[in-house]
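The next block is entry.cif, given as mmCIF, C-alpha atoms and all ligand atoms.
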```
data_entry
#
loop_
_atom_site.label_atom_id
_atom_site.label_comp_id
_atom_site.auth_asym_id
_atom_site.auth_seq_id
_atom_site.Cartn_x
_atom_site.Cartn_y
_atom_site.Cartn_z
CA MET K 186 38.54 115.79 -20.27
CA THR K 187 36.99 112.35 -20.43
CA ALA K 188 34.71 111.46 -23.25
CA VAL K 189 32.47 108.55 -22.26
CA THR K 190 30.37 106.50 -24.66
CA ALA K 191 27.39 104.44 -23.54
CA ARG K 192 25.11 102.10 -25.46
CA ALA K 193 21.53 101.44 -24.41
CA HIS K 194 18.87 99.38 -26.16
CA THR K 195 15.23 100.25 -26.71
CA ASN K 196 12.46 98.42 -24.92
CA ILE K 197 8.93 97.48 -25.82
CA ALA K 198 6.37 97.84 -23.05
CA LEU K 199 4.16 94.79 -22.51
CA VAL K 200 2.16 96.70 -19.88
CA LYS K 201 2.43 100.29 -20.93
CA TYR K 202 3.26 103.62 -19.33
CA TRP K 203 0.81 106.17 -20.69
CA GLY K 204 0.52 109.21 -18.47
CA LYS K 205 2.45 111.26 -15.95
CA ALA K 206 1.42 112.09 -12.41
CA ASP K 207 4.16 114.73 -12.20
CA THR K 208 5.45 116.19 -15.48
CA LYS K 209 8.36 117.96 -13.83
CA LEU K 210 9.79 115.00 -11.94
CA MET K 211 8.54 112.58 -14.62
CA LEU K 212 6.62 110.41 -12.19
CA PRO K 213 4.19 108.10 -13.98
CA GLN K 214 0.53 107.48 -13.20
CA THR K 215 1.19 103.73 -13.08
CA SER K 216 3.98 101.18 -13.00
CA SER K 217 4.83 99.43 -16.29
CA LEU K 218 6.74 96.39 -17.57
CA SER K 219 8.86 95.98 -20.69
CA LEU K 220 11.22 93.78 -22.66
CA THR K 221 14.56 95.28 -23.73
CA LEU K 222 15.29 94.50 -27.41
CA ASP K 223 18.63 93.46 -28.92
CA GLN K 224 18.13 94.94 -32.41
CA PHE K 225 17.56 98.62 -31.62
CA TYR K 226 19.92 100.87 -29.68
CA THR K 227 21.54 104.28 -29.23
CA ASP K 228 25.22 105.09 -28.81
CA THR K 229 25.90 108.40 -27.07
CA THR K 230 29.21 110.10 -26.31
CA VAL K 231 29.41 112.92 -23.77
CA ASN K 232 32.40 115.14 -23.10
CA PHE K 233 32.39 118.13 -20.75
CA VAL K 234 34.76 120.73 -22.23
CA SER K 235 35.95 124.28 -21.53
CA ASP K 236 35.56 125.69 -25.03
CA LEU K 237 31.74 125.79 -25.16
CA THR K 238 29.31 128.50 -24.01
CA ALA K 239 26.29 126.15 -24.24
CA ASP K 240 25.68 122.41 -24.49
CA GLU K 241 26.10 121.13 -28.03
CA VAL K 242 23.94 118.17 -29.04
CA VAL K 243 24.43 116.32 -32.31
CA LEU K 244 21.99 113.54 -33.27
CA ASN K 245 22.80 111.34 -36.25
CA GLY K 246 25.31 113.94 -37.44
CA GLN K 247 22.87 116.88 -37.24
CA ARG K 248 23.18 119.65 -34.66
CA LEU K 249 19.93 119.91 -32.65
CA THR K 250 18.32 123.31 -32.11
CA PRO K 251 18.02 124.56 -28.51
CA THR K 252 14.34 123.56 -28.53
CA ALA K 253 15.02 120.05 -29.85
CA SER K 254 17.79 119.51 -27.31
CA GLN K 255 15.84 120.79 -24.30
CA LYS K 256 15.38 117.41 -22.61
CA VAL K 257 19.02 116.49 -23.20
CA ARG K 258 20.14 119.77 -21.63
CA HIS K 259 17.80 119.15 -18.69
CA VAL K 260 19.51 115.81 -17.98
CA LEU K 261 22.95 117.46 -18.33
CA ASP K 262 21.85 120.12 -15.82
CA LEU K 263 20.87 117.41 -13.34
CA VAL K 264 24.27 115.73 -13.80
CA ARG K 265 26.05 119.05 -13.19
CA GLN K 266 23.97 119.55 -10.02
CA GLN K 267 24.92 116.10 -8.72
CA SER K 268 28.64 116.36 -9.57
CA ASP K 269 31.57 118.77 -9.44
CA GLU K 270 31.28 119.35 -13.17
CA THR K 271 30.34 122.90 -14.19
CA ARG K 272 31.35 122.96 -17.86
CA PHE K 273 29.12 122.54 -20.88
CA ALA K 274 29.06 119.28 -22.77
CA ARG K 275 29.58 118.10 -26.29
CA VAL K 276 27.04 115.32 -26.91
CA SER K 277 27.06 113.12 -29.97
CA SER K 278 24.41 110.46 -30.38
CA THR K 279 23.60 107.87 -33.03
CA ASN K 280 20.27 106.08 -33.11
CA HIS K 281 20.29 102.57 -34.50
CA VAL K 282 16.51 102.82 -34.50
CA PRO K 283 14.18 105.21 -36.36
CA THR K 284 13.82 108.44 -34.36
CA ALA K 285 10.39 109.44 -33.01
CA ALA K 286 8.52 106.73 -34.91
CA GLY K 287 7.08 104.75 -32.03
CA LEU K 288 10.07 102.42 -31.82
CA ALA K 289 11.17 103.90 -28.48
CA SER K 290 14.16 105.98 -29.59
CA SER K 291 13.63 108.17 -26.51
CA ALA K 292 14.09 105.11 -24.28
CA SER K 293 17.49 104.08 -25.65
CA ALA K 294 18.51 107.73 -26.13
CA PHE K 295 17.99 108.93 -22.58
CA ALA K 296 19.28 105.74 -20.99
CA ALA K 297 22.53 106.07 -22.98
CA LEU K 298 22.71 109.79 -22.18
CA ALA K 299 22.25 109.21 -18.44
CA GLY K 300 25.09 106.68 -18.47
CA ALA K 301 27.52 108.66 -20.61
CA ALA K 302 26.87 112.05 -18.99
CA SER K 303 27.07 110.86 -15.40
CA ARG K 304 30.30 108.92 -15.97
CA SER K 305 31.86 111.72 -17.96
CA ALA K 306 31.16 114.05 -15.03
CA GLY K 307 32.96 111.68 -12.67
CA LEU K 308 29.88 110.14 -11.07
CA ASN K 309 29.73 106.40 -10.57
CA LEU K 310 25.98 105.86 -10.25
CA SER K 311 24.38 102.50 -9.52
CA ARG K 312 22.10 101.15 -12.22
CA THR K 313 19.14 102.02 -10.00
CA ASP K 314 20.27 105.65 -9.82
CA LEU K 315 20.95 105.64 -13.57
CA SER K 316 17.35 104.54 -14.11
CA ARG K 317 16.16 107.48 -12.00
CA LEU K 318 18.32 109.89 -13.98
CA ALA K 319 17.24 108.46 -17.36
CA ARG K 320 13.62 108.90 -16.25
CA ARG K 321 14.12 112.67 -16.14
CA GLY K 322 14.72 112.66 -19.92
CA SER K 323 12.03 110.19 -20.98
CA GLY K 324 9.87 107.89 -18.88
CA SER K 325 10.44 104.77 -20.96
CA ALA K 326 14.23 105.33 -20.67
CA THR K 327 13.96 104.36 -16.99
CA ARG K 328 13.51 100.72 -18.07
CA SER K 329 16.25 100.70 -20.75
CA ILE K 330 19.04 100.71 -18.15
CA PHE K 331 18.36 97.01 -17.58
CA GLY K 332 18.15 94.06 -19.97
CA GLY K 333 15.40 91.47 -20.34
CA PHE K 334 12.06 91.98 -18.60
CA VAL K 335 12.07 95.18 -16.55
CA GLU K 336 9.53 96.84 -14.28
CA TRP K 337 9.36 100.59 -13.78
CA GLN K 338 7.94 100.98 -10.31
CA ALA K 339 5.91 104.18 -10.31
CA GLY K 340 6.96 105.20 -6.80
CA ILE K 341 5.78 108.34 -5.09
CA ASP K 342 8.71 110.71 -5.58
CA ASP K 343 12.04 111.14 -7.34
CA ALA K 344 13.78 108.71 -5.00
CA THR K 345 11.27 105.89 -5.40
CA SER K 346 10.34 106.01 -9.10
CA LEU K 347 12.85 103.60 -10.65
CA ALA K 348 13.43 100.48 -12.68
CA VAL K 349 13.85 97.04 -11.18
CA PRO K 350 14.98 94.08 -13.28
CA PHE K 351 12.19 91.53 -13.34
CA GLN K 352 14.14 88.90 -15.29
CA GLU K 353 17.45 90.05 -16.79
CA GLN K 354 18.56 86.74 -18.29
CA VAL K 355 15.69 85.53 -20.42
CA ASP K 356 15.80 81.80 -20.88
CA TRP K 357 12.61 81.59 -22.92
CA PRO K 358 12.63 81.05 -26.71
CA ILE K 359 10.51 84.05 -27.63
CA ALA K 360 10.94 86.81 -30.20
CA MET K 361 9.55 90.27 -30.89
CA VAL K 362 9.19 90.87 -34.63
CA ALA K 363 9.22 94.57 -35.47
CA LEU K 364 7.26 95.57 -38.54
CA VAL K 365 8.55 98.98 -39.62
CA LEU K 366 5.63 100.43 -41.57
CA ASP K 367 6.57 104.11 -41.37
CA PRO K 368 9.94 105.26 -39.96
CA ARG K 369 9.04 108.97 -40.16
CA HIS K 370 8.60 111.24 -37.16
CA LYS K 371 5.17 111.00 -35.55
CA LYS K 372 2.94 114.08 -35.48
CA VAL K 373 1.99 113.78 -31.83
CA SER K 374 4.95 113.07 -29.52
CA SER K 375 4.51 110.51 -26.74
CA THR K 376 4.77 113.33 -24.22
CA GLN K 377 1.91 115.28 -25.82
CA GLY K 378 -0.20 112.20 -26.54
CA MET K 379 -0.15 110.85 -23.02
CA GLN K 380 -0.77 114.27 -21.45
CA SER K 381 -3.83 114.73 -23.63
CA SER K 382 -5.06 111.25 -22.66
CA VAL K 383 -4.64 111.91 -18.93
CA THR K 384 -6.44 115.23 -19.03
CA THR K 385 -9.24 114.53 -21.52
CA SER K 386 -10.03 110.81 -21.85
CA PRO K 387 -13.02 109.77 -19.72
CA TYR K 388 -11.51 106.27 -19.73
CA TYR K 389 -8.32 107.31 -17.93
CA PRO K 390 -9.43 106.14 -14.45
CA ALA K 391 -10.28 102.71 -15.90
CA TRP K 392 -6.82 102.53 -17.53
CA LYS K 393 -5.18 102.70 -14.11
CA THR K 394 -7.17 99.67 -12.98
CA VAL K 395 -6.34 97.85 -16.23
CA VAL K 396 -2.61 98.38 -15.69
CA ALA K 397 -2.71 97.20 -12.06
CA ASP K 398 -4.58 94.04 -13.08
CA ASP K 399 -2.36 93.39 -16.13
CA LEU K 400 0.85 93.80 -14.12
CA ALA K 401 -0.38 91.41 -11.46
CA ALA K 402 -1.31 88.85 -14.11
CA ILE K 403 1.63 89.14 -16.52
CA LYS K 404 4.38 88.67 -13.94
CA PRO K 405 3.47 85.09 -12.99
CA ALA K 406 2.78 84.35 -16.67
CA ILE K 407 6.32 85.46 -17.63
CA LEU K 408 7.88 83.47 -14.79
CA ALA K 409 5.91 80.39 -15.85
CA GLN K 410 6.83 81.04 -19.53
CA ASP K 411 3.10 80.93 -20.25
CA PHE K 412 3.16 82.29 -23.79
CA THR K 413 -0.60 82.44 -24.38
CA THR K 414 -1.40 84.33 -21.19
CA THR K 415 1.52 86.73 -21.68
CA GLY K 416 0.47 87.36 -25.28
CA GLU K 417 -3.20 87.88 -24.45
CA ILE K 418 -2.33 90.41 -21.75
CA LEU K 419 0.17 92.42 -23.82
CA GLU K 420 -2.17 92.65 -26.82
CA ALA K 421 -5.18 93.73 -24.77
CA ASN K 422 -3.07 96.21 -22.79
CA ALA K 423 -1.79 97.85 -25.98
CA MET K 424 -5.29 98.20 -27.42
CA ARG K 425 -6.58 99.70 -24.20
CA MET K 426 -3.76 102.23 -24.25
CA HIS K 427 -4.63 103.19 -27.81
CA ALA K 428 -8.28 103.49 -26.78
CA LEU K 429 -7.12 106.43 -24.65
CA THR K 430 -6.00 108.30 -27.76
CA LEU K 431 -9.25 107.58 -29.61
CA SER K 432 -11.23 108.76 -26.57
CA ALA K 433 -9.18 111.93 -25.99
CA ASN K 434 -10.41 115.40 -26.87
CA PRO K 435 -9.50 116.07 -29.64
CA PRO K 436 -9.33 112.40 -30.61
CA PHE K 437 -6.19 111.13 -32.33
CA SER K 438 -4.56 107.86 -33.27
CA TYR K 439 -1.06 106.54 -33.88
CA PHE K 440 -2.34 103.81 -36.22
CA ASN K 441 -2.17 104.02 -39.98
CA GLY K 442 -4.01 101.79 -42.46
CA GLU K 443 -1.16 99.31 -42.59
CA SER K 444 -1.09 99.04 -38.78
CA LEU K 445 -4.72 97.91 -38.88
CA ALA K 446 -3.95 95.47 -41.70
CA ALA K 447 -1.01 94.03 -39.75
CA MET K 448 -3.15 93.54 -36.65
CA GLN K 449 -5.65 91.60 -38.78
CA THR K 450 -2.82 89.50 -40.20
CA VAL K 451 -1.74 88.54 -36.69
CA ARG K 452 -5.31 87.51 -35.87
CA ASP K 453 -5.44 85.51 -39.13
CA LEU K 454 -2.14 83.81 -38.26
CA ARG K 455 -3.62 82.88 -34.90
CA ALA K 456 -6.77 81.51 -36.49
CA SER K 457 -4.56 79.34 -38.72
CA GLY K 458 -2.80 77.87 -35.68
CA VAL K 459 0.29 80.14 -35.40
CA SER K 460 0.22 81.59 -31.91
CA CYS K 461 1.34 85.26 -31.97
CA TYR K 462 0.21 88.59 -30.50
CA TYR K 463 0.69 92.25 -31.44
CA THR K 464 1.52 95.42 -29.60
CA LEU K 465 2.11 99.02 -30.72
CA ASP K 466 3.74 101.91 -28.91
CA ALA K 467 3.07 105.54 -29.80
CA GLY K 468 3.48 105.12 -33.55
CA PRO K 469 2.16 103.06 -36.49
CA ASN K 470 4.81 100.34 -36.30
CA VAL K 471 3.62 96.93 -35.11
CA LYS K 472 5.58 94.46 -32.98
CA VAL K 473 4.61 90.81 -33.02
CA PHE K 474 5.34 88.61 -30.01
CA CYS K 475 5.90 85.00 -30.99
CA GLN K 476 7.71 81.84 -30.07
CA GLU K 477 11.06 81.09 -31.70
CA ALA K 478 9.64 77.97 -33.39
CA ASP K 479 6.96 80.06 -35.12
CA LEU K 480 9.38 82.72 -36.46
CA PRO K 481 9.51 81.27 -40.00
CA ALA K 482 5.70 81.27 -40.30
CA VAL K 483 5.36 84.77 -38.83
CA THR K 484 8.16 86.45 -40.77
CA THR K 485 7.24 84.77 -44.08
CA ARG K 486 3.69 86.01 -43.80
CA LEU K 487 4.64 89.56 -42.75
CA ALA K 488 7.37 89.81 -45.41
CA ALA K 489 4.97 88.67 -48.14
CA GLN K 490 2.46 91.34 -47.16
CA PHE K 491 4.69 94.28 -46.19
CA GLY K 492 8.12 93.56 -47.71
CA ALA K 493 11.06 91.68 -46.26
CA ASP K 494 13.02 94.87 -45.52
CA GLN K 495 10.25 96.00 -43.18
CA VAL K 496 10.54 92.93 -40.94
CA ILE K 497 13.18 92.96 -38.17
CA VAL K 498 13.44 90.02 -35.79
CA ALA K 499 14.37 91.13 -32.28
CA HIS K 500 15.11 89.11 -29.15
CA PRO K 501 15.60 90.03 -25.50
CA GLY K 502 18.44 92.52 -25.26
CA PRO K 503 21.03 93.64 -22.70
CA GLY K 504 21.12 96.55 -20.30
CA ILE K 505 23.35 99.62 -20.56
CA ALA K 506 26.99 99.13 -21.49
CA PHE K 507 29.97 101.47 -21.62
CA LEU K 508 32.01 101.25 -24.80
P1 LIG D 601 9.90 107.48 -29.73
O1 LIG D 601 8.71 106.66 -30.10
O2 LIG D 601 10.97 107.36 -30.78
O3 LIG D 601 10.41 107.20 -28.36
P2 LIG D 601 9.18 110.06 -28.59
O4 LIG D 601 8.12 111.01 -29.04
O5 LIG D 601 8.99 109.43 -27.28
O6 LIG D 601 9.37 108.98 -29.76
O7 LIG D 601 10.59 110.78 -28.52
C1 LIG D 601 11.23 111.22 -29.67
C2 LIG D 601 12.13 112.37 -29.31
O8 LIG D 601 13.19 111.95 -28.46
C3 LIG D 601 12.83 112.96 -30.52
O9 LIG D 601 12.01 113.87 -31.19
C4 LIG D 601 14.04 113.64 -29.86
O10 LIG D 601 13.66 114.86 -29.31
C5 LIG D 601 14.34 112.70 -28.71
N1 LIG D 601 15.44 111.81 -29.08
C6 LIG D 601 15.37 110.62 -29.73
N2 LIG D 601 16.59 110.08 -29.89
C7 LIG D 601 17.46 110.94 -29.34
C8 LIG D 601 18.89 110.94 -29.17
N3 LIG D 601 19.63 109.89 -29.57
N4 LIG D 601 19.45 111.99 -28.55
C9 LIG D 601 18.69 113.01 -28.10
N5 LIG D 601 17.36 113.08 -28.22
C10 LIG D 601 16.74 112.06 -28.83
C1 LIG D 602 3.64 104.03 -25.68
O1 LIG D 602 8.69 107.45 -22.55
O2 LIG D 602 8.43 108.15 -24.94
O3 LIG D 602 5.99 103.69 -25.56
O4 LIG D 602 8.16 110.10 -20.89
O5 LIG D 602 7.11 111.77 -22.38
O6 LIG D 602 9.36 110.84 -22.94
P1 LIG D 602 8.03 110.60 -22.29
O7 LIG D 602 7.32 109.46 -23.15
P2 LIG D 602 7.84 108.05 -23.60
O8 LIG D 602 6.47 107.24 -23.69
C2 LIG D 602 6.42 105.88 -23.95
C3 LIG D 602 5.03 105.46 -24.23
C4 LIG D 602 4.87 104.06 -24.79
C5 LIG D 602 4.64 103.04 -23.68
C6 LIG D 602 5.84 102.62 -22.87
O9 LIG D 602 6.97 102.65 -23.37
O10 LIG D 602 5.62 102.21 -21.71
CO CO D 603 9.51 107.60 -26.55
#
```

Translate the structure described by the file into structure tokens.
Ligand code: ADP
Ligand code: DP6
Ligand code: CO
Amino acid sequence: MTAVTARAHTNIALVKYWGKADTKLMLPQTSSLSLTLDQFYTDTTVNFVSDLTADEVVLNGQRLTPTASQKVRHVLDLVRQQSDETRFARVSSTNHVPTAAGLASSASAFAALAGAASRSAGLNLSRTDLSRLARRGSGSATRSIFGGFVEWQAGIDDATSLAVPFQEQVDWPIAMVALVLDPRHKKVSSTQGMQSSVTTSPYYPAWKTVVADDLAAIKPAILAQDFTTTGEILEANAMRMHALTLSANPPFSYFNGESLAAMQTVRDLRASGVSCYYTLDAGPNVKVFCQEADLPAVTTRLAAQFGADQVIVAHPGPGIAFL
């Protein structure tokens, strides 16, 4: 019996993944690129034991129902297939990030699970293979195996759809300010939202072109530490992703009124000479990309409008670690 604990951090996509080409193998429609964040993470402990007749999954102290733990059990099944382990597992996970609120809990969760489960079963997977395993739980988890700027290369099959570190050690004084406007569970999961966008938005073909262009443009901008170009691309990419929800049938949106107000505040800050850009994942919470030197101006303004407790300053974070 070896209990293994892994910690993985969330990531925020700068060029987003929004749609699967293969829902079973979790192959995406496009590649994507993210920044791993130091402030939000998941710790997960896995132990394969003889005294269970089914996998037992506890999240933040609460036992998950079989339905809620389906993706976790799927990843455990894959680990059992790849290893000599046949027993069921006791899984205990703690999110240091709001769950299912558009702050990428599924990314840190399934990256940590892939690490803890594989090691507990006696496998010693490379980080590349861990990224492939994490992908089977949640697409964005593929990228959370690595720190810093990370690309998920779409690939064409299970073997080739994986994360590649783009820049693990980030030597660029930038920050990502998270504005937590609503930590509650979203109504439309990322899985459902992107599937609806792929199958019903008439703009979906254009999105694939947008992502290819944005990826090609953002990579040199990051390497050159070109803040303005990076910011312009990540903001436009996020809005074009959200346009897929508005143009789906039935239409839906992850924004709430405060999300729209926060976006306007970022534009106002820019107009007043503070360079910063916003992005949102599948939830109402806004992240503001800014330069370290502008943090006081950005956080003061956001705290005044939304409350200081809602403002969390994040920086580039590390890849998976075993505790
Ligand atoms: P998010 O924006 O937080 O990534 P998603 O809709 O992508 O939201 O995924 C949220 C779902 O991921 C949760 O409803 C839960 O099923 C699963 N999840 C999140 N954290 C964990 C965890 N630590 N362990 C197991 N499952 C988790
Ligand atoms: C908007 O990875 O949470 O955050 O693969 O169905 O689990 P599943 O979805 P998930 O979707 C993330 C969507 C996003 C953009 C991104 O992280 O690239
Ligand atoms: Co998610």

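Checking K:Gly340, K:Gly378, K:Pro251, K:Pro481 one by one against ligand CO 603 (chain D), counting only C-alpha atoms and all ligand atoms, you find the shortest gap at K:Gly378.
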
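All residues, whether protein, DNA or RNA, that have an atom at most 8 Å from ligand CO 603 (chain D) (counting all atoms listed in the file) are Ala285, Gly287, Leu288, Ala289, Ser290, Ser291, Ala292, Ser323, Gly324, Ser325, Ala326, Ser374, Ser375, Thr376 and Ala467 of chain K.
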
(message) Give me the residues near segment 437-444 of chain K as a list in words, where near means some atom within 9 Å (using only C-alpha atoms) and where sequence neighbours in that chain fewer than 6 positions away do not count.
(response) Gly287, Leu366, Asp367, Lys371, Lys372, Val373, Gly378, His427, Ala428, Thr430, Leu431, Leu465, Asp466, Ala467, Gly468, Pro469, Asn470, Val471 and Phe491 of chain K

Store the residues picked out above, limited to C-alpha atoms, as an mmCIF file, keeping the file's coordinate frame.
```
data_model
loop_
_atom_site.group_PDB
_atom_site.id
_atom_site.type_symbol
_atom_site.label_atom_id
_atom_site.label_comp_id
_atom_site.auth_asym_id
_atom_site.auth_seq_id
_atom_site.Cartn_x
_atom_site.Cartn_y
_atom_site.Cartn_z
ATOM 1 C CA GLY K 287 7.080 104.750 -32.030
ATOM 2 C CA LEU K 366 5.630 100.430 -41.570
ATOM 3 C CA ASP K 367 6.570 104.110 -41.370
ATOM 4 C CA LYS K 371 5.170 111.000 -35.550
ATOM 5 C CA LYS K 372 2.940 114.080 -35.480
ATOM 6 C CA VAL K 373 1.990 113.780 -31.830
ATOM 7 C CA GLY K 378 -0.200 112.200 -26.540
ATOM 8 C CA HIS K 427 -4.630 103.190 -27.810
ATOM 9 C CA ALA K 428 -8.280 103.490 -26.780
ATOM 10 C CA THR K 430 -6.000 108.300 -27.760
ATOM 11 C CA LEU K 431 -9.250 107.580 -29.610
ATOM 12 C CA LEU K 465 2.110 99.020 -30.720
ATOM 13 C CA ASP K 466 3.740 101.910 -28.910
ATOM 14 C CA ALA K 467 3.070 105.540 -29.800
ATOM 15 C CA GLY K 468 3.480 105.120 -33.550
ATOM 16 C CA PRO K 469 2.160 103.060 -36.490
ATOM 17 C CA ASN K 470 4.810 100.340 -36.300
ATOM 18 C CA VAL K 471 3.620 96.930 -35.110
ATOM 19 C CA PHE K 491 4.690 94.280 -46.190
#
```

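Comparing K:Lys205, K:Arg272, K:His370, K:His259 by their smallest distance to ligand LIG 602 (chain D), the closest is K:Lys205 (using all atoms listed in the file).
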
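Compared by their closest atoms to Ser346 of chain K, and using only C-alpha atoms, the residues K:Leu212, K:Ala193, K:Ala489, K:Leu218 rank with K:Leu212 nearest.
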
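For Leu454 of chain K, the non-local neighbours within 12 Å, defined as residues at least 2 positions apart in the same chain or in other chains and counting all atoms listed in the file, are K:Ala447, K:Met448, K:Gln449, K:Thr450, K:Val451, K:Arg452, K:Ala456, K:Ser457, K:Gly458, K:Val459, K:Ser460, K:Cys461, K:Tyr462, K:Tyr463, K:Val473, K:Cys475, K:Asp479, K:Leu480, K:Ala482, K:Val483, K:Thr484, K:Thr485, K:Arg486, K:Leu487.
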
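Residue nearest Lys404 of chain K, chosen from K:Phe225, K:Tyr388, K:Phe334, K:Phe474 and counting all atoms listed in the file: K:Phe334.
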
Where is the centre and how long are the edges: axis-aligned box on segment 216-235 of chain K, 5 Å on each side, Å to one decimal, as lines of an AutoDock Vina configuration file:
```
center_x = 20.0
center_y = 108.9
center_z = -22.7
size_x = 42.0
size_y = 40.8
size_z = 29.4
```

(request) Tell me which protein, DNA and RNA residues are within 12 Å of Ala319 of chain K, counting only C-alpha atoms, leaving out same-chain ones fewer than 2 positions away, and put them as a ChimeraX atom specification. (result) /K:193,210-212,256-257,259-261,263-264,291-303,310,312-317,321-331,337,343,346-348,505

Same residues, C-alpha atoms, output as a PDB file, in the frame of the given file:
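The resulting file, out-v8.pdb, is reproduced below:
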```
ATOM      1  CA  ALA K 193      21.530 101.440 -24.410  1.00  0.00           C
ATOM      2  CA  LEU K 210       9.790 115.000 -11.940  1.00  0.00           C
ATOM      3  CA  MET K 211       8.540 112.580 -14.620  1.00  0.00           C
ATOM      4  CA  LEU K 212       6.620 110.410 -12.190  1.00  0.00           C
ATOM      5  CA  LYS K 256      15.380 117.410 -22.610  1.00  0.00           C
ATOM      6  CA  VAL K 257      19.020 116.490 -23.200  1.00  0.00           C
ATOM      7  CA  HIS K 259      17.800 119.150 -18.690  1.00  0.00           C
ATOM      8  CA  VAL K 260      19.510 115.810 -17.980  1.00  0.00           C
ATOM      9  CA  LEU K 261      22.950 117.460 -18.330  1.00  0.00           C
ATOM     10  CA  LEU K 263      20.870 117.410 -13.340  1.00  0.00           C
ATOM     11  CA  VAL K 264      24.270 115.730 -13.800  1.00  0.00           C
ATOM     12  CA  SER K 291      13.630 108.170 -26.510  1.00  0.00           C
ATOM     13  CA  ALA K 292      14.090 105.110 -24.280  1.00  0.00           C
ATOM     14  CA  SER K 293      17.490 104.080 -25.650  1.00  0.00           C
ATOM     15  CA  ALA K 294      18.510 107.730 -26.130  1.00  0.00           C
ATOM     16  CA  PHE K 295      17.990 108.930 -22.580  1.00  0.00           C
ATOM     17  CA  ALA K 296      19.280 105.740 -20.990  1.00  0.00           C
ATOM     18  CA  ALA K 297      22.530 106.070 -22.980  1.00  0.00           C
ATOM     19  CA  LEU K 298      22.710 109.790 -22.180  1.00  0.00           C
ATOM     20  CA  ALA K 299      22.250 109.210 -18.440  1.00  0.00           C
ATOM     21  CA  GLY K 300      25.090 106.680 -18.470  1.00  0.00           C
ATOM     22  CA  ALA K 301      27.520 108.660 -20.610  1.00  0.00           C
ATOM     23  CA  ALA K 302      26.870 112.050 -18.990  1.00  0.00           C
ATOM     24  CA  SER K 303      27.070 110.860 -15.400  1.00  0.00           C
ATOM     25  CA  LEU K 310      25.980 105.860 -10.250  1.00  0.00           C
ATOM     26  CA  ARG K 312      22.100 101.150 -12.220  1.00  0.00           C
ATOM     27  CA  THR K 313      19.140 102.020 -10.000  1.00  0.00           C
ATOM     28  CA  ASP K 314      20.270 105.650  -9.820  1.00  0.00           C
ATOM     29  CA  LEU K 315      20.950 105.640 -13.570  1.00  0.00           C
ATOM     30  CA  SER K 316      17.350 104.540 -14.110  1.00  0.00           C
ATOM     31  CA  ARG K 317      16.160 107.480 -12.000  1.00  0.00           C
ATOM     32  CA  ARG K 321      14.120 112.670 -16.140  1.00  0.00           C
ATOM     33  CA  GLY K 322      14.720 112.660 -19.920  1.00  0.00           C
ATOM     34  CA  SER K 323      12.030 110.190 -20.980  1.00  0.00           C
ATOM     35  CA  GLY K 324       9.870 107.890 -18.880  1.00  0.00           C
ATOM     36  CA  SER K 325      10.440 104.770 -20.960  1.00  0.00           C
ATOM     37  CA  ALA K 326      14.230 105.330 -20.670  1.00  0.00           C
ATOM     38  CA  THR K 327      13.960 104.360 -16.990  1.00  0.00           C
ATOM     39  CA  ARG K 328      13.510 100.720 -18.070  1.00  0.00           C
ATOM     40  CA  SER K 329      16.250 100.700 -20.750  1.00  0.00           C
ATOM     41  CA  ILE K 330      19.040 100.710 -18.150  1.00  0.00           C
ATOM     42  CA  PHE K 331      18.360  97.010 -17.580  1.00  0.00           C
ATOM     43  CA  TRP K 337       9.360 100.590 -13.780  1.00  0.00           C
ATOM     44  CA  ASP K 343      12.040 111.140  -7.340  1.00  0.00           C
ATOM     45  CA  SER K 346      10.340 106.010  -9.100  1.00  0.00           C
ATOM     46  CA  LEU K 347      12.850 103.600 -10.650  1.00  0.00           C
ATOM     47  CA  ALA K 348      13.430 100.480 -12.680  1.00  0.00           C
ATOM     48  CA  ILE K 505      23.350  99.620 -20.560  1.00  0.00           C
TER      49      ILE K 505
END
```

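With distances restricted to all atoms listed in the file, K:Val335 is the closest residue to ligand LIG 602 (chain D) from K:Val335, K:Ala478, K:Val365, K:Ile403.
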
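Of the residues listed (K:Val396, K:Leu429, K:Leu220, K:Leu364), K:Leu364 shows the shortest atom-to-atom separation from Ala488 of chain K; distances use all atoms listed in the file.
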
Can you pull out every residue within 7 Å of segment 381-386 of chain K, counting all atoms listed in the file, but drop anything in the same chain fewer than 4 positions away, and send it as an mmCIF file with C-alpha atoms, keeping the file's coordinate frame?
```cif
data_model
loop_
_atom_site.group_PDB
_atom_site.id
_atom_site.type_symbol
_atom_site.label_atom_id
_atom_site.label_comp_id
_atom_site.auth_asym_id
_atom_site.auth_seq_id
_atom_site.Cartn_x
_atom_site.Cartn_y
_atom_site.Cartn_z
ATOM 1 C CA GLY K 204 0.520 109.210 -18.470
ATOM 2 C CA GLN K 377 1.910 115.280 -25.820
ATOM 3 C CA LEU K 429 -7.120 106.430 -24.650
ATOM 4 C CA THR K 430 -6.000 108.300 -27.760
ATOM 5 C CA SER K 432 -11.230 108.760 -26.570
ATOM 6 C CA ALA K 433 -9.180 111.930 -25.990
ATOM 7 C CA ASN K 434 -10.410 115.400 -26.870
#
```

(request) Just give me the gap between atom CA of Ser217 of chain K and atom CA of Pro387 of chain K in Å, one decimal is fine. (result) 20.9 Å

(request) Quote the spacing between atom CA of Lys201 of chain K and atom CA of Gln495 of chain K in Å to one decimal place. (result) 24.0 Å
